[in-house]
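Contents: one structure, followed by commentary.
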Amino acid sequence: MKRVKKEDTVLVSKGKDRGRTGTVRIVIPKENRAIVGGINVMKRHMRPRGPQQPGGIIEREAPISLANVRPVCPSCNKPVRVGYRVLADGRKVRYCKKCDANFD
Ligand SMILES: [Zn+2]
C-alpha cells in the first residue's frame with residue numbers, strides 16, 4: 001500500500017517548491033516518485049519538428065521524490081503522517097494520524 005496516491009493533495013517539504021501544494025497526477029512506485037501538478041516544473045526547449053510540433057519552450061512537471069512530499073489530510077487540511085488500518089469489511093485504508101479521519 002502506497003503512502004501517496006493519485007488525486008491526493010500533497011505538500012512539498014523539500015526543494016525549490018518547498019511549502020507549495022499540488023495534486024498528484026501520477027505515482028511511479030518503481031522509482032518512488034510522483035508527478036504533482038504545478039510542482040517541479042521544468043522548461044524544455046523543443047526544436048520545431050514540422051507543422052504539428054512547432055517547437056518552443058514547453059513546461060512540464062518532472063517527477064518528485066515521494067520522500068519530499070507529505071500528504072495533506074482532506075479532513076483537517078494539514079500535512080500529516082498517515083497510518084494504515086483495516087476496516088470491518090476488510091478494506092485497508094490510510095488514515096490521518098492527526099485527526100484520525102480515513103483518507104480513502
Ligand atoms: Zn486529519
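Residue names in the C-alpha cells use chain letters A, B, ... in the order shown, residue numbers from 1 in each chain, and ligand numbers from 1 in the order shown.
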
For A:Lys78, please output as number ranges by chain all residues within 12 Å (counting only C-alpha atoms; exclusion window: fewer than 5 positions along the same chain).
A: 9-11, 19, 21, 70-73, 96-99

Near stretch 12-14 of chain A, within 12 Å and counting only C-alpha atoms, which residues show up once chain neighbours fewer than 5 positions away are dropped, as a PyMOL selection string?
chain A and resi 19-24+34-40+64-72+79-80

Compare A:Arg18, A:Arg49, A:Arg60, A:Lys5 by their minimum atom-to-atom distance to A:Phe103, counting only C-alpha atoms, and give me the closest one.
A:Lys5
